[in-house]
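Everything on this sheet refers to the single structure shown next.
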Amino acid sequence: MPFARVGELGADPNLKMELFPSTRIVYAPINTREAKKDGSKNPLADIKVRQALNYATDKNVLIKLVTFDTGKPMTSLMSAATQLHYGPEPLYPYDPEKAKQLLADAGLSGGFEVKLTTLAGSADDATLFTALQQMWAPLGVNLKVEQVDNPTRGEKNRSGDFDIHTYGWANDVNDPAQVTGWLGYYKQRQAVGTGWNNQEFNTLFEASNFETDPAKRKDEYKRMQEIYAAEAPLLFLFETPFAVAASKSIEGYVQTPLGANDFSEAWRAD
């Protein structure tokens, strides 16, 4: 259900408006390769530049614009509803001065151009682009848009022919290995297509898949999330709940954090 309608439907006396905890995250993979597809130098390969763009992004504004205040900032590569999540605070709180300093340290105080690949026809992507363009302009970052269909976006992700592109995720299984492998493990999908290849992260992920001691596996996941947050191969945006509006007479319905509709204990009052 569109988040724009949460307030309206929540005010309807005949409806029950619920926001269920979810594993859904909205983020933007950043191409971390040393060179772009055309062979030119890629400024996003520098960790300072990726960190700067994260600090230059006001997530609270994006949450207001896109989720109508129903979302919350990401605190990890995985949602807070995912097992073994570690993230004591929102990643990269808005700090444009810190962003400017990081770009200066990277030798890019004069600015540079970045292309954001978005889904054609997506109102949310259009809103994200417009907001990011305005947020990054004071840093000298000239954000251009490239609108494509979903298959083209997927192909660009697989081939590395992008700077930054919009994306989203929700877990399919109740274990952190799925999202962690997809977003961070290089051998699986080149870390969600970013080309980010961190040996310590890869080794920890492989070890965690065979770890039988829950405490040790928890420590492995904590360290992986710390590494990922510091390296910033993503533009960390926000988590969203699952929004469900149902008749006031419906009781016991649940949408699980994985997105499944659970009617096992649902019933309708007369």
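Ligands are numbered from 1 in the order shown, chains are lettered A, B, ... in the order of the structure tokens, and residues start at 1 in each chain.
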* List the neighbours of stretch 58-74 of chain A out to 9 Å using only C-alpha atoms; skip same-chain residues closer than 5 positions along the sequence, and give me the result as a ChimeraX atom specification. => /A:2-7,19,25-27,79-80,87,89-96,123-125,127-128,131-132,135,236-241,243
Shell of 9 Å around A:Gly121, only C-alpha atoms, local chain residues under 6 positions omitted, as a short mmCIF file (atom, residue, chain, number, x, y, z; two decimals) with C-alpha atoms, in the first residue's frame:
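Contents of selection-v7.cif, as written:
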```
data_model
loop_
_atom_site.label_atom_id
_atom_site.label_comp_id
_atom_site.auth_asym_id
_atom_site.auth_seq_id
_atom_site.Cartn_x
_atom_site.Cartn_y
_atom_site.Cartn_z
CA GLN A 147 16.05 6.47 -16.20
CA VAL A 148 15.80 2.83 -17.28
CA ASP A 149 13.42 -0.13 -17.00
#
```
Taking only C-alpha atoms into account, produce a table as a tab-separated table in which each residue of stretch 74-158 of chain A with an atom at most 12 Å from an atom of stretch 188-197 of chain A appears once, together with its shortest atom pair and the distance in Å to one decimal, ordered by chain and rising number.
```
residue	atom	partner	partner_atom	distance
A:Leu77	CA	A:Ala191	CA	11.2
A:Arg153	CA	A:Gly193	CA	11.1
A:Gly154	CA	A:Gly193	CA	9.3
A:Glu155	CA	A:Gly193	CA	9.8
A:Lys156	CA	A:Gly193	CA	8.7
A:Asn157	CA	A:Gly193	CA	5.2
A:Arg158	CA	A:Gly193	CA	5.6
```
Same residues, N, CA, C and O atoms, saved as a compact mmCIF listing (two decimals), in the first residue's frame:
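Below is the file out-v2.txt, written as the result:
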```txt
# COMPACT_ATOMS: atom_id res chain seq x y z
N LEU A 77 23.87 -3.04 7.20
CA LEU A 77 23.55 -3.51 5.86
C LEU A 77 22.26 -4.30 5.85
O LEU A 77 21.68 -4.55 4.79
N ARG A 153 18.19 -1.98 -15.59
CA ARG A 153 18.89 -1.67 -14.34
C ARG A 153 19.62 -2.90 -13.81
O ARG A 153 20.76 -2.81 -13.35
N GLY A 154 18.97 -4.05 -13.88
CA GLY A 154 19.61 -5.29 -13.44
C GLY A 154 20.85 -5.61 -14.26
O GLY A 154 21.87 -6.04 -13.70
N GLU A 155 20.78 -5.41 -15.55
CA GLU A 155 21.92 -5.69 -16.42
C GLU A 155 23.07 -4.73 -16.12
O GLU A 155 24.23 -5.13 -16.10
N LYS A 156 22.75 -3.48 -15.89
CA LYS A 156 23.79 -2.50 -15.54
C LYS A 156 24.46 -2.88 -14.23
O LYS A 156 25.67 -2.74 -14.07
N ASN A 157 23.66 -3.37 -13.28
CA ASN A 157 24.22 -3.80 -12.01
C ASN A 157 25.18 -4.96 -12.22
O ASN A 157 26.29 -4.99 -11.66
N ARG A 158 24.78 -5.94 -13.02
CA ARG A 158 25.62 -7.12 -13.23
C ARG A 158 26.90 -6.81 -13.99
O ARG A 158 27.95 -7.41 -13.75
```
* Asked: How would you write, as a count of residues only, the set of residues in stretch 53-218 of chain A that DSSP gives as alpha helix (DSSP H)?
  -> 73
* Measure the distance from atom CA of A:Ile164 to atom CA of A:Ile30 in Å and round it to one decimal. =>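 Separating atom CA of A:Ile164 from atom CA of A:Ile30 is a distance of 4.6 Å.
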* **Residues flagged strand (DSSP E) by DSSP in stretch 76-188 of chain A, as a list in words** => Phe112, Glu113, Val114, Lys115, Leu116, Thr117, Thr118, Leu119, Val141, Asn142, Leu143, Lys144, Val145, Glu146, Gln147, Val148, Ile164, His165, Tyr167, Gly168 and Trp169 of chain A
* Long-range neighbours of A:Ala35 as a list in words, 12 Å cut-off, only C-alpha atoms, 4 positions minimum in chain ->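 Selected residues are Asn31, Gly39, Ser40, Lys41, Asn42, Pro43, Leu44, Ala45, Asp46, Gly160, Asp161, Phe162, Asp163 and Gly195 of chain A.
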* Asked: Hey, can you check how far atom CA of A:Leu234 sits from atom CA of A:Glu211?
  ->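 Separation of atom CA of A:Leu234 and atom CA of A:Glu211: 27.1 Å.
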* **Spatial neighbours of A:Phe263, max dist 12 Å, only C-alpha atoms, sep filter under 4 positions, as a ChimeraX atom specification** => /A:250-256,267-268
Please produce a file of those selected residues containing N, CA and C atoms, as a PDB file, in the first residue's frame.
```pdb
ATOM      1  N   ILE A 250     -11.442  -7.346  11.390  1.00  0.00           N
ATOM      2  CA  ILE A 250     -10.433  -8.397  11.244  1.00  0.00           C
ATOM      3  C   ILE A 250      -9.490  -8.385  12.446  1.00  0.00           C
ATOM      4  N   GLU A 251      -9.322  -9.528  13.065  1.00  0.00           N
ATOM      5  CA  GLU A 251      -8.418  -9.671  14.206  1.00  0.00           C
ATOM      6  C   GLU A 251      -7.397 -10.785  13.925  1.00  0.00           C
ATOM      7  N   GLY A 252      -6.204 -10.632  14.489  1.00  0.00           N
ATOM      8  CA  GLY A 252      -5.210 -11.703  14.452  1.00  0.00           C
ATOM      9  C   GLY A 252      -4.406 -11.836  13.181  1.00  0.00           C
ATOM     10  N   TYR A 253      -4.635 -10.948  12.191  1.00  0.00           N
ATOM     11  CA  TYR A 253      -3.838 -11.022  10.960  1.00  0.00           C
ATOM     12  C   TYR A 253      -2.445 -10.447  11.217  1.00  0.00           C
ATOM     13  N   VAL A 254      -1.434 -11.065  10.638  1.00  0.00           N
ATOM     14  CA  VAL A 254      -0.055 -10.599  10.775  1.00  0.00           C
ATOM     15  C   VAL A 254       0.649 -10.684   9.420  1.00  0.00           C
ATOM     16  N   GLN A 255       1.390  -9.670   9.091  1.00  0.00           N
ATOM     17  CA  GLN A 255       2.338  -9.777   7.976  1.00  0.00           C
ATOM     18  C   GLN A 255       3.715  -9.916   8.606  1.00  0.00           C
ATOM     19  N   THR A 256       4.389 -10.998   8.337  1.00  0.00           N
ATOM     20  CA  THR A 256       5.663 -11.289   8.992  1.00  0.00           C
ATOM     21  C   THR A 256       6.763 -10.385   8.453  1.00  0.00           C
ATOM     22  N   TRP A 267      -9.290 -13.904  12.370  1.00  0.00           N
ATOM     23  CA  TRP A 267     -10.729 -14.157  12.430  1.00  0.00           C
ATOM     24  C   TRP A 267     -11.479 -12.842  12.254  1.00  0.00           C
ATOM     25  N   ARG A 268     -12.742 -12.970  11.933  1.00  0.00           N
ATOM     26  CA  ARG A 268     -13.558 -11.784  11.690  1.00  0.00           C
ATOM     27  C   ARG A 268     -14.667 -11.698  12.730  1.00  0.00           C
TER      28      ARG A 268
END
```
